[in-house]
>>> print(open('protein_0.txt').read())   # compact mmCIF, C-alpha atoms and all ligand atoms
# COMPACT_ATOMS: atom_id res chain seq x y z
CA MET A 23 154.64 78.96 -4.57
CA GLU A 24 152.19 80.40 -2.03
CA TYR A 25 151.16 83.05 -4.62
CA VAL A 26 150.37 80.30 -7.15
CA VAL A 27 148.07 78.47 -4.65
CA VAL A 28 146.25 81.70 -3.76
CA ALA A 29 145.82 82.52 -7.48
CA VAL A 30 144.36 79.05 -8.27
CA VAL A 31 141.94 79.27 -5.29
CA LEU A 32 140.78 82.71 -6.45
CA LEU A 33 140.32 81.44 -10.02
CA VAL A 34 138.21 78.47 -8.79
CA ILE A 35 136.03 80.84 -6.69
CA LEU A 36 135.54 83.15 -9.67
CA VAL A 37 134.59 80.31 -12.06
CA ALA A 38 132.18 78.80 -9.47
CA GLY A 39 130.56 82.23 -8.94
CA ALA A 40 130.15 82.77 -12.66
CA VAL A 41 128.54 79.31 -13.13
CA GLY A 42 126.26 79.96 -10.13
CA LEU A 43 124.96 83.16 -11.68
CA VAL A 44 124.47 81.92 -15.25
CA VAL A 45 122.80 78.45 -14.75
CA PRO A 46 119.71 79.56 -12.67
CA ARG A 47 119.05 82.31 -15.25
CA MET A 48 119.11 79.75 -18.05
CA ARG A 49 116.83 77.45 -16.04
CA ARG A 50 114.36 80.31 -15.42
CA ARG A 51 114.21 81.09 -19.12
CA ALA A 52 113.52 77.49 -19.98
CA ALA A 53 110.52 77.18 -17.53
CA PRO A 54 107.00 77.32 -19.16
CA PRO A 55 104.88 80.40 -18.51
CA THR A 56 102.25 80.11 -15.80
CA ALA A 57 99.10 78.89 -17.36
CA GLY A 58 96.40 81.09 -18.70
CA THR A 59 97.46 84.37 -17.26
CA GLY A 60 99.70 85.46 -20.13
CA THR A 61 102.15 86.97 -17.70
CA GLU A 62 105.42 85.34 -16.70
CA GLU A 63 106.06 85.88 -13.02
CA GLY A 64 104.42 87.09 -9.88
CA THR A 65 100.96 85.75 -10.72
CA GLY A 66 98.91 82.68 -9.83
CA THR A 67 100.26 80.26 -7.30
CA GLU A 68 103.70 81.50 -7.97
CA ALA A 69 102.69 84.81 -6.43
CA GLY A 70 101.10 82.93 -3.55
CA THR A 71 97.68 84.57 -3.97
CA GLY A 72 95.83 81.25 -3.48
CA THR A 73 93.78 81.45 -6.73
CA ALA A 74 93.09 78.15 -8.59
CA THR A 75 95.31 77.15 -11.42
CA VAL A 76 93.51 77.08 -14.71
CA GLU A 77 94.53 74.23 -16.94
CA PRO A 78 95.46 75.45 -20.38
CA PRO A 79 93.27 74.09 -23.16
CA SER A 80 95.04 71.22 -24.81
CA THR A 81 96.25 71.98 -28.26
CA GLU A 82 96.45 68.30 -29.14
CA LEU A 83 93.33 66.74 -30.76
CA PRO A 84 92.13 63.59 -28.98
CA THR A 85 92.02 60.49 -31.10
CA LEU A 86 88.46 59.12 -31.45
CA PRO A 87 87.66 55.43 -31.69
CA ASP A 88 86.70 54.33 -35.20
CA ASP A 89 83.44 52.62 -34.16
CA LEU A 90 81.59 55.70 -32.84
CA PRO A 91 77.92 55.85 -33.96
CA PRO A 92 77.04 58.70 -36.34
CA LEU A 93 76.12 61.92 -34.57
CA VAL A 94 72.36 62.56 -34.63
CA VAL A 95 71.29 66.13 -33.96
CA GLU A 96 67.64 66.26 -32.91
CA GLU A 97 66.15 69.36 -34.40
CA LYS A 98 62.99 70.87 -32.94
CA PRO A 99 60.86 72.02 -35.83
CA ALA A 100 60.93 75.75 -36.25
CA VAL A 101 57.81 77.45 -34.93
CA GLU A 102 55.78 78.64 -37.89
CA GLN A 103 54.04 81.97 -38.34
CA PRO A 104 50.53 81.65 -39.76
CA GLU A 105 48.62 84.13 -41.87
CA PRO A 106 46.20 86.37 -39.92
CA THR A 107 42.72 84.94 -39.36
CA ALA A 108 40.89 88.11 -40.40
CA GLY A 109 39.37 87.56 -43.82
CA ARG A 110 40.41 83.92 -43.93
CA LEU A 111 36.98 82.75 -44.97
CA VAL A 112 37.11 85.04 -47.98
CA ARG A 113 40.61 83.80 -48.86
CA LEU A 114 39.50 80.19 -48.50
CA ARG A 115 36.18 80.61 -50.30
CA ALA A 116 37.61 79.12 -53.49
CA ARG A 117 37.84 75.81 -51.61
CA LEU A 118 34.22 76.05 -50.69
CA SER A 119 32.95 77.17 -54.06
CA ARG A 120 34.81 74.32 -55.75
CA SER A 121 32.75 71.79 -53.84
CA GLN A 122 29.62 73.92 -53.96
CA SER A 123 29.64 74.92 -57.60
CA VAL A 124 26.97 72.39 -58.59
CA PHE A 125 24.66 73.76 -55.93
CA GLY A 126 25.31 77.41 -56.84
CA ARG A 127 25.08 76.86 -60.58
CA GLY A 128 21.89 74.80 -60.26
CA LEU A 129 20.19 77.47 -58.18
CA LEU A 130 21.25 80.27 -60.51
CA SER A 131 19.94 78.47 -63.56
CA VAL A 132 16.51 78.09 -61.92
CA LEU A 133 16.50 81.71 -60.75
CA SER A 134 17.32 82.92 -64.26
CA ARG A 135 14.08 81.60 -65.69
CA ASP A 136 11.68 84.24 -66.96
CA HIS A 137 8.95 83.10 -64.69
CA LEU A 138 9.35 81.44 -61.29
CA ASP A 139 6.46 79.00 -61.38
CA GLU A 140 5.54 76.26 -58.91
CA ASP A 141 8.04 73.84 -60.52
CA ALA A 142 10.82 76.37 -60.23
CA TRP A 143 10.15 76.92 -56.53
CA GLU A 144 10.12 73.16 -56.01
CA GLU A 145 13.49 72.89 -57.73
CA ILE A 146 14.89 75.61 -55.48
CA GLU A 147 13.56 73.70 -52.49
CA ASP A 148 15.14 70.45 -53.72
CA SER A 149 18.50 72.15 -54.26
CA LEU A 150 18.54 73.43 -50.70
CA ILE A 151 17.50 70.07 -49.26
CA THR A 152 20.16 68.30 -51.36
CA ALA A 153 22.74 70.73 -49.98
CA ASP A 154 21.79 69.53 -46.48
CA VAL A 155 20.11 72.74 -45.35
CA GLY A 156 17.45 70.54 -43.77
CA ILE A 157 13.76 70.24 -44.66
CA GLU A 158 12.40 72.52 -41.98
CA ALA A 159 14.89 75.34 -42.61
CA THR A 160 14.44 75.00 -46.38
CA GLN A 161 10.69 75.44 -46.09
CA VAL A 162 11.11 78.59 -44.01
CA ILE A 163 13.71 80.06 -46.39
CA VAL A 164 11.72 79.34 -49.57
CA GLU A 165 8.49 80.59 -48.05
CA ARG A 166 10.05 83.92 -47.08
CA LEU A 167 11.76 84.30 -50.45
CA ARG A 168 8.55 83.62 -52.36
CA GLU A 169 6.77 86.23 -50.28
CA ARG A 170 9.47 88.84 -50.95
CA VAL A 171 9.51 88.14 -54.68
CA ARG A 172 5.72 88.45 -54.79
CA VAL A 173 5.45 91.60 -52.69
CA LEU A 174 8.45 93.40 -54.19
CA GLY A 175 7.72 92.16 -57.71
CA THR A 176 11.40 91.11 -58.04
CA ARG A 177 12.35 90.58 -61.66
CA THR A 178 16.05 90.12 -62.35
CA VAL A 179 18.14 87.06 -61.51
CA ALA A 180 20.58 89.26 -59.62
CA GLU A 181 17.80 90.58 -57.41
CA VAL A 182 16.37 87.15 -56.58
CA ARG A 183 19.84 85.83 -55.93
CA GLU A 184 20.51 88.73 -53.59
CA GLN A 185 17.30 88.07 -51.71
CA LEU A 186 18.06 84.36 -51.46
CA ALA A 187 21.50 85.22 -50.05
CA GLU A 188 19.85 87.45 -47.46
CA GLU A 189 17.42 84.70 -46.43
CA LEU A 190 20.19 82.11 -46.13
CA THR A 191 22.25 84.54 -44.06
CA ALA A 192 19.26 85.30 -41.85
CA ALA A 193 18.79 81.55 -41.32
CA LEU A 194 22.33 81.54 -39.89
CA ASP A 195 21.43 84.08 -37.23
CA PRO A 196 24.24 86.54 -37.99
CA GLU A 197 23.85 88.32 -34.65
CA LEU A 198 25.00 85.30 -32.61
CA ASP A 199 28.20 85.71 -30.59
CA ARG A 200 30.82 83.66 -32.41
CA SER A 201 33.86 84.87 -30.50
CA LEU A 202 36.13 82.25 -28.93
CA HIS A 203 36.79 82.75 -25.23
CA THR A 204 40.51 82.15 -25.16
CA ALA A 205 41.81 84.99 -22.98
CA PRO A 206 43.17 84.23 -19.47
CA HIS A 207 41.18 85.65 -16.59
CA ASP A 208 41.21 85.75 -12.77
CA GLY A 209 44.87 84.80 -12.79
CA ARG A 210 44.33 81.53 -14.61
CA PRO A 211 44.31 80.32 -18.21
CA ALA A 212 41.22 80.08 -20.38
CA VAL A 213 40.32 76.39 -20.68
CA LEU A 214 38.88 74.99 -23.91
CA LEU A 215 37.53 71.46 -24.14
CA VAL A 216 37.44 69.98 -27.65
CA VAL A 217 34.93 67.15 -28.14
CA GLY A 218 33.53 65.16 -31.05
CA VAL A 219 33.52 61.70 -32.64
CA ASN A 220 36.70 59.99 -33.81
CA GLY A 221 38.13 61.35 -36.98
CA ALA A 222 36.00 64.51 -37.00
CA GLY A 223 39.14 66.63 -36.78
CA LYS A 224 39.50 67.40 -33.05
CA THR A 225 43.28 67.10 -32.86
CA THR A 226 43.77 69.03 -36.07
CA THR A 227 41.46 71.75 -34.76
CA CYS A 228 43.41 71.98 -31.48
CA GLY A 229 46.60 72.42 -33.50
CA LYS A 230 45.15 75.03 -35.84
CA VAL A 231 43.57 77.05 -33.00
CA GLY A 232 46.79 76.87 -30.95
CA ARG A 233 48.75 78.10 -33.94
CA VAL A 234 46.53 81.16 -34.36
CA LEU A 235 46.66 81.99 -30.64
CA ILE A 236 50.45 81.74 -30.48
CA ALA A 237 50.75 83.95 -33.55
CA ASP A 238 48.64 86.48 -31.64
CA GLY A 239 51.21 86.45 -28.83
CA ARG A 240 49.48 84.02 -26.46
CA SER A 241 51.08 81.08 -24.70
CA VAL A 242 49.27 77.79 -25.23
CA LEU A 243 49.34 74.36 -23.59
CA PHE A 244 47.75 71.23 -25.06
CA GLY A 245 46.30 68.46 -22.91
CA ALA A 246 46.19 65.09 -24.70
CA ALA A 247 43.20 63.59 -22.90
CA ASP A 248 42.60 61.10 -25.73
CA THR A 249 44.51 58.32 -24.01
CA PHE A 250 42.99 55.48 -26.00
CA ARG A 251 45.33 55.81 -28.92
CA ALA A 252 48.99 56.66 -28.37
CA ALA A 253 48.98 58.00 -31.92
CA ALA A 254 46.43 60.65 -30.95
CA ALA A 255 48.74 62.03 -28.24
CA ASP A 256 51.71 61.79 -30.65
CA GLN A 257 49.75 63.75 -33.23
CA LEU A 258 48.92 66.48 -30.72
CA THR A 259 52.53 66.61 -29.50
CA THR A 260 53.69 67.04 -33.10
CA TRP A 261 51.30 69.96 -33.48
CA GLY A 262 52.60 71.35 -30.19
CA ASP A 263 56.22 71.20 -31.39
CA ARG A 264 55.23 72.80 -34.64
CA VAL A 265 53.29 75.72 -33.22
CA GLY A 266 55.34 76.20 -30.05
CA ALA A 267 52.95 74.82 -27.42
CA GLN A 268 53.77 72.43 -24.58
CA THR A 269 51.80 69.18 -24.52
CA VAL A 270 50.80 67.33 -21.34
CA ARG A 271 50.13 63.66 -22.00
CA GLY A 272 49.58 60.58 -19.91
CA PRO A 273 50.24 56.87 -20.36
CA GLU A 274 48.32 55.07 -23.11
CA GLY A 275 45.07 53.78 -21.64
CA GLY A 276 45.43 56.07 -18.62
CA ASP A 277 42.65 58.14 -17.09
CA PRO A 278 41.71 60.96 -19.50
CA ALA A 279 40.30 63.08 -16.65
CA SER A 280 43.59 62.91 -14.80
CA VAL A 281 45.53 64.08 -17.89
CA ALA A 282 43.07 66.94 -18.34
CA PHE A 283 43.43 67.88 -14.67
CA ASP A 284 47.24 67.81 -14.86
CA ALA A 285 47.21 69.88 -18.05
CA VAL A 286 45.13 72.65 -16.47
CA LYS A 287 47.25 72.52 -13.30
CA LYS A 288 50.44 72.93 -15.32
CA GLY A 289 48.76 75.72 -17.28
CA ILE A 290 48.01 77.54 -14.01
CA ASP A 291 51.48 76.90 -12.53
CA ASP A 292 53.25 78.05 -15.70
CA ARG A 293 50.94 81.04 -16.10
CA VAL A 294 49.92 79.92 -19.58
CA ASP A 295 47.20 81.94 -21.37
CA THR A 296 45.14 79.15 -22.93
CA VAL A 297 44.82 75.41 -22.31
CA LEU A 298 43.28 73.32 -25.10
CA ILE A 299 42.17 69.82 -24.11
CA ASP A 300 41.77 67.22 -26.85
CA THR A 301 39.40 64.39 -25.85
CA ALA A 302 38.57 60.95 -27.20
CA GLY A 303 35.27 60.47 -29.00
CA ARG A 304 34.43 56.81 -29.20
CA LEU A 305 30.72 56.67 -29.72
CA GLN A 306 30.16 52.91 -29.65
CA ASN A 307 28.84 53.21 -26.17
CA LYS A 308 26.86 56.32 -25.32
CA VAL A 309 26.85 55.63 -21.59
CA GLY A 310 30.62 55.17 -21.54
CA LEU A 311 31.14 58.39 -23.46
CA MET A 312 28.81 60.30 -21.17
CA ASP A 313 30.60 58.99 -18.10
CA GLU A 314 34.01 59.77 -19.46
CA LEU A 315 33.37 63.22 -20.88
CA GLY A 316 31.30 64.21 -17.89
CA LYS A 317 34.15 63.15 -15.62
CA VAL A 318 36.75 65.06 -17.66
CA LYS A 319 34.66 68.20 -17.37
CA ARG A 320 33.95 67.78 -13.64
CA VAL A 321 37.59 67.15 -12.83
CA VAL A 322 38.82 70.09 -14.92
CA GLU A 323 36.25 72.31 -13.19
CA LYS A 324 37.98 71.70 -9.86
CA HIS A 325 40.40 74.35 -11.14
CA GLY A 326 37.57 76.65 -12.29
CA PRO A 327 34.90 76.73 -15.00
CA VAL A 328 35.60 75.56 -18.55
CA ASP A 329 35.51 78.66 -20.76
CA GLU A 330 34.59 77.03 -24.03
CA THR A 331 33.46 73.57 -25.10
CA LEU A 332 33.88 73.15 -28.84
CA LEU A 333 32.05 70.37 -30.64
CA VAL A 334 33.93 69.32 -33.77
CA LEU A 335 31.65 67.95 -36.52
CA ASP A 336 32.65 66.45 -39.85
CA ALA A 337 30.51 68.22 -42.49
CA THR A 338 30.75 65.23 -44.84
CA THR A 339 28.71 63.07 -42.45
CA GLY A 340 25.67 65.25 -43.20
CA GLN A 341 22.47 64.72 -41.27
CA ASN A 342 23.90 61.60 -39.53
CA GLY A 343 26.48 63.80 -37.90
CA LEU A 344 23.68 65.82 -36.38
CA GLU A 345 22.37 62.83 -34.45
CA GLN A 346 25.85 62.14 -33.08
CA ALA A 347 26.22 65.79 -32.20
CA ARG A 348 23.10 65.70 -30.11
CA VAL A 349 24.62 63.05 -27.84
CA PHE A 350 27.51 65.36 -27.04
CA THR A 351 25.23 68.30 -26.30
CA GLU A 352 23.44 66.10 -23.76
CA VAL A 353 26.71 65.36 -21.96
CA VAL A 354 28.50 68.71 -21.95
CA ASP A 355 27.38 72.30 -22.45
CA VAL A 356 28.64 72.89 -25.97
CA THR A 357 29.34 76.59 -26.52
CA GLY A 358 30.42 76.48 -30.15
CA VAL A 359 30.58 74.19 -33.18
CA VAL A 360 33.61 73.67 -35.42
CA LEU A 361 32.44 72.31 -38.76
CA THR A 362 35.37 70.60 -40.49
CA LYS A 363 35.96 69.25 -44.01
CA LEU A 364 33.65 71.74 -45.70
CA ASP A 365 36.16 71.66 -48.56
CA GLY A 366 35.21 68.06 -49.21
CA THR A 367 31.44 68.27 -49.53
CA ALA A 368 28.87 69.74 -51.88
CA LYS A 369 26.54 69.95 -48.92
CA GLY A 370 27.64 73.18 -47.28
CA GLY A 371 24.03 73.82 -46.27
CA ILE A 372 24.76 71.57 -43.28
CA VAL A 373 25.99 74.70 -41.48
CA ILE A 374 22.44 76.02 -41.42
CA ALA A 375 21.01 72.67 -40.29
CA VAL A 376 23.61 72.28 -37.52
CA GLN A 377 22.97 75.68 -36.10
CA ARG A 378 19.21 75.46 -36.24
CA LYS A 379 18.98 71.91 -34.90
CA LEU A 380 21.51 72.31 -32.11
CA GLY A 381 20.85 75.95 -31.34
CA ILE A 382 24.59 76.46 -30.96
CA PRO A 383 26.61 78.93 -33.08
CA VAL A 384 29.06 77.60 -35.64
CA LYS A 385 32.22 79.46 -34.62
CA LEU A 386 34.88 77.98 -36.89
CA VAL A 387 34.94 76.13 -40.19
CA GLY A 388 37.63 73.76 -41.48
CA LEU A 389 38.40 74.11 -45.17
CA GLY A 390 41.36 71.80 -45.63
CA GLU A 391 44.09 69.80 -43.96
CA GLY A 392 46.66 72.61 -43.99
CA PRO A 393 47.62 74.40 -40.76
CA ASP A 394 45.90 77.64 -41.83
CA ASP A 395 42.78 76.02 -43.26
CA LEU A 396 40.54 76.99 -40.36
CA ALA A 397 38.50 80.17 -40.51
CA PRO A 398 36.26 82.12 -38.16
CA PHE A 399 32.74 81.60 -39.42
CA GLU A 400 31.15 84.65 -41.08
CA PRO A 401 27.57 83.98 -42.25
CA ALA A 402 27.40 86.48 -45.15
CA ALA A 403 30.82 85.54 -46.60
CA PHE A 404 29.94 81.88 -46.24
CA VAL A 405 26.63 82.25 -48.07
CA GLU A 406 28.37 84.13 -50.90
CA ALA A 407 30.83 81.28 -51.23
CA LEU A 408 27.97 78.78 -51.12
CA LEU A 409 26.18 80.51 -53.96
CA GLY A 410 29.42 80.89 -55.88
CA GLY A 411 29.18 84.66 -56.04
CA ASP A 412 31.59 87.48 -55.34
CA ALA A 413 32.09 88.12 -51.67
N1 LIG B 1 39.88 68.03 -45.98
C1 LIG B 1 39.92 68.29 -44.67
N2 LIG B 1 40.45 67.38 -43.83
C2 LIG B 1 40.47 67.67 -42.50
C3 LIG B 1 39.93 68.87 -41.98
N3 LIG B 1 40.09 68.84 -40.62
C4 LIG B 1 40.70 67.66 -40.33
N4 LIG B 1 40.93 66.95 -41.44
C5 LIG B 1 41.55 65.63 -41.56
O1 LIG B 1 40.75 64.67 -40.92
C6 LIG B 1 41.54 63.61 -40.39
C7 LIG B 1 41.17 63.35 -38.95
O2 LIG B 1 41.55 64.47 -38.18
P1 LIG B 1 41.95 64.35 -36.64
O3 LIG B 1 42.26 65.73 -36.18
O4 LIG B 1 42.95 63.30 -36.41
O5 LIG B 1 40.58 63.87 -36.03
P2 LIG B 1 40.25 63.49 -34.51
O6 LIG B 1 38.85 63.87 -34.28
O7 LIG B 1 41.25 64.07 -33.59
O8 LIG B 1 40.38 61.94 -34.58
P3 LIG B 1 40.78 60.89 -33.39
O9 LIG B 1 42.15 61.29 -32.94
O10 LIG B 1 40.74 59.58 -34.08
O11 LIG B 1 39.74 61.05 -32.34
C8 LIG B 1 42.98 64.05 -40.59
O12 LIG B 1 43.49 63.42 -41.73
C9 LIG B 1 42.88 65.55 -40.84
O13 LIG B 1 43.92 66.05 -41.64
C10 LIG B 1 39.35 69.82 -42.91
O14 LIG B 1 38.84 70.87 -42.57
N5 LIG B 1 39.37 69.46 -44.24
>>> encode(input="protein_0.txt", output="structure tokens", more="lines below")
Ligand SMILES: Nc1nc2c(ncn2[C@@H]2O[C@H](COP(=O)(O)OP(=O)(O)OP(=O)(O)O)[C@@H](O)[C@H]2O)c(=O)[nH]1
Amino acid sequence: MEYVVVAVVLLVILVAGAVGLVVPRMRRRAAPPTAGTGTEEGTGTEAGTGTATVEPPSTELPTLPDDLPPLVVEEKPAVEQPEPTAGRLVRLRARLSRSQSVFGRGLLSVLSRDHLDEDAWEEIEDSLITADVGIEATQVIVERLRERVRVLGTRTVAEVREQLAEELTAALDPELDRSLHTAPHDGRPAVLLVVGVNGAGKTTTCGKVGRVLIADGRSVLFGAADTFRAAAADQLTTWGDRVGAQTVRGPEGGDPASVAFDAVKKGIDDRVDTVLIDTAGRLQNKVGLMDELGKVKRVVEKHGPVDETLLVLDATTGQNGLEQARVFTEVVDVTGVVLTKLDGTAKGGIVIAVQRKLGIPVKLVGLGEGPDDLAPFEPAAFVEALLGGDA
């Protein structure tokens, strides 16, 4: 009987031992692997190293509420790459000759007469005056041409046309420096002030110039100092987004001088190459305009001198535009003229009148609303386009 009891006790111990060995093993197999490591044991907290546990990414998709608004992705417009500016005037000359063809054709028909009598010279004079060259400049040009024809005994139409082209080019003073001072210097950006009456094309010109500079590898910042119309600052900001320039703007109705100051300050802090400041041009009140523009310039000059003050003139306003232009030249030292909308007028001779009356070089011409429709002004190429010839 004793043997039986001992045998049962031994059997119970054996069974208990076997269960004790098997169950923990099964439990260990069933446990999930430690997160993220990919290994099973001896890593992470289990290994007591003290590193943080990384939660595994959930494989379950969250359920979204049905009434979520549609997702709007705001896309910044891609920065565009313009065509090079070299030779732009020649490329755009078709625009000019379209509006000038009456002028060119009229002149050529007079020049092709067998004999250039007094009437013919008067007609040439009238054509130039009608094209807005201006009375004084026209008289000088015709006088010189008559003298050359007489002395040289010029005969053919081609020769007279050539000599007229030379006189018109000479009237544009081809030796004048027409370069734009846009390069940074003395550790600060070049500062360009853009002035002119409303609607002349100031904002568009800022955009077009900025676009060319950025394409040349420069960094550009716009200052929206036209605070009278929110739309003006919006328009400049849109150009900025398009060409890849930052725009500094102030509150509508705010102080334009303070926006201009902040723009140049940011330009200096951010080590920008060129700052272009767009200004307002309300001309209803000359004293107000003088005060405001003068203040903008003085305040900007606290950072250093303004490198270039560009006066934007609408070519379609003709001789009236010249009177307005004079007001601006009295307020600020204009260093260059941008003559816009030459594509929309048959009076391209205004370029000559502007330069002679103001004594300031025309540096750029606008030949359309497109972003590349701004060209460096080249007197000879311009005159060729004016006369409708081959450049
Ligand atoms: N055809 C043509 N249109 C131009 C040219 N330059 C500018 N414009 C247009 O002229 C209009 C006025 O241009 P803006 O740049 O807004 O003129 P702004 O001087 O800044 O005007 P404000 O903001 O009112 O002071 C716009 O519709 C331009 O697209 C050009 O060379 N040719």
>>> axis_aligned_box(input="protein_0.txt", around="ligand LIG 1 (chain B)", padding_each_side="8 Å", output="JSON")
{"center_x": 41.4, "center_y": 65.2, "center_z": -39.2, "size_x": 21.1, "size_y": 27.3, "size_z": 29.6}
>>> residues_near_ligand(input="protein_0.txt", ligand="ligand LIG 1 (chain B)", cutoff="7 Å", atoms="all atoms listed in the file", output="ChimeraX atom specification")
/A:218-227,254,302-303,362-366,387-391,395-396
>>> atom_distance(input="protein_0.txt", atom1="atom CA of A:Ala403", atom2="atom CA of A:Ile374")
13.7 Å
>>> closest_residue(input="protein_0.txt", among="A:Glu197, A:Asp284, A:Glu314, A:Glu188", to="A:Pro383", atoms="all atoms listed in the file")
A:Glu197
>>> atom_distance(input="protein_0.txt", atom1="atom CA of A:Thr191", atom2="atom CA of A:Pro401")
5.6 Å
>>> closest_residue(input="protein_0.txt", among="A:Val162, A:Val217, A:Ala187, A:Ala180", to="A:Val405", atoms="only C-alpha atoms")
A:Ala187
>>> closest_residue(input="protein_0.txt", among="A:Arg378, A:His207, A:Arg304, A:Lys385", to="A:Ala159", atoms="all atoms listed in the file")
A:Arg378
>>> atom_distance(input="protein_0.txt", atom1="atom CA of A:Lys369", atom2="atom CA of A:Thr301")
27.0 Å
>>> closest_residue(input="protein_0.txt", among="A:Gly175, A:Gly109, A:Gly126, A:Pro273", to="A:Glu406", atoms="only C-alpha atoms")
A:Gly126
>>> closest_residue(input="protein_0.txt", among="A:Arg233, A:His325, A:Arg166, A:Lys288", to="A:Arg271", atoms="all atoms listed in the file")
A:Lys288
>>> closest_residue(input="protein_0.txt", among="A:Ala116, A:Ile163, A:Val231, A:Val376", to="A:Gly262", atoms="all atoms listed in the file")
A:Val231
>>> residues_near_point(input="protein_0.txt", point="(30.2, 70.5, -39.5)", cutoff="7 Å", atoms="all atoms listed in the file", output="PDB file with C-alpha atoms, keeping the file's coordinate frame")
ATOM      1  CA  VAL A 334      33.930  69.320 -33.770  1.00  0.00           C
ATOM      2  CA  LEU A 335      31.650  67.950 -36.520  1.00  0.00           C
ATOM      3  CA  ASP A 336      32.650  66.450 -39.850  1.00  0.00           C
ATOM      4  CA  ALA A 337      30.510  68.220 -42.490  1.00  0.00           C
ATOM      5  CA  VAL A 360      33.610  73.670 -35.420  1.00  0.00           C
ATOM      6  CA  LEU A 361      32.440  72.310 -38.760  1.00  0.00           C
ATOM      7  CA  THR A 362      35.370  70.600 -40.490  1.00  0.00           C
ATOM      8  CA  ILE A 372      24.760  71.570 -43.280  1.00  0.00           C
ATOM      9  CA  VAL A 373      25.990  74.700 -41.480  1.00  0.00           C
TER      10      VAL A 373
END
>>> residues_around(input="protein_0.txt", residues="A:Glu145", least_positions_apart="5", cutoff="12 Å", atoms="all atoms listed in the file", output="PyMOL selection string")
chain A and resi 125+128-133+135+138-140+150-152+160+164
>>> residues_around(input="protein_0.txt", residues="A:Val356", least_positions_apart="6", cutoff="10 Å", atoms="all atoms listed in the file", output="count of residues only")
14
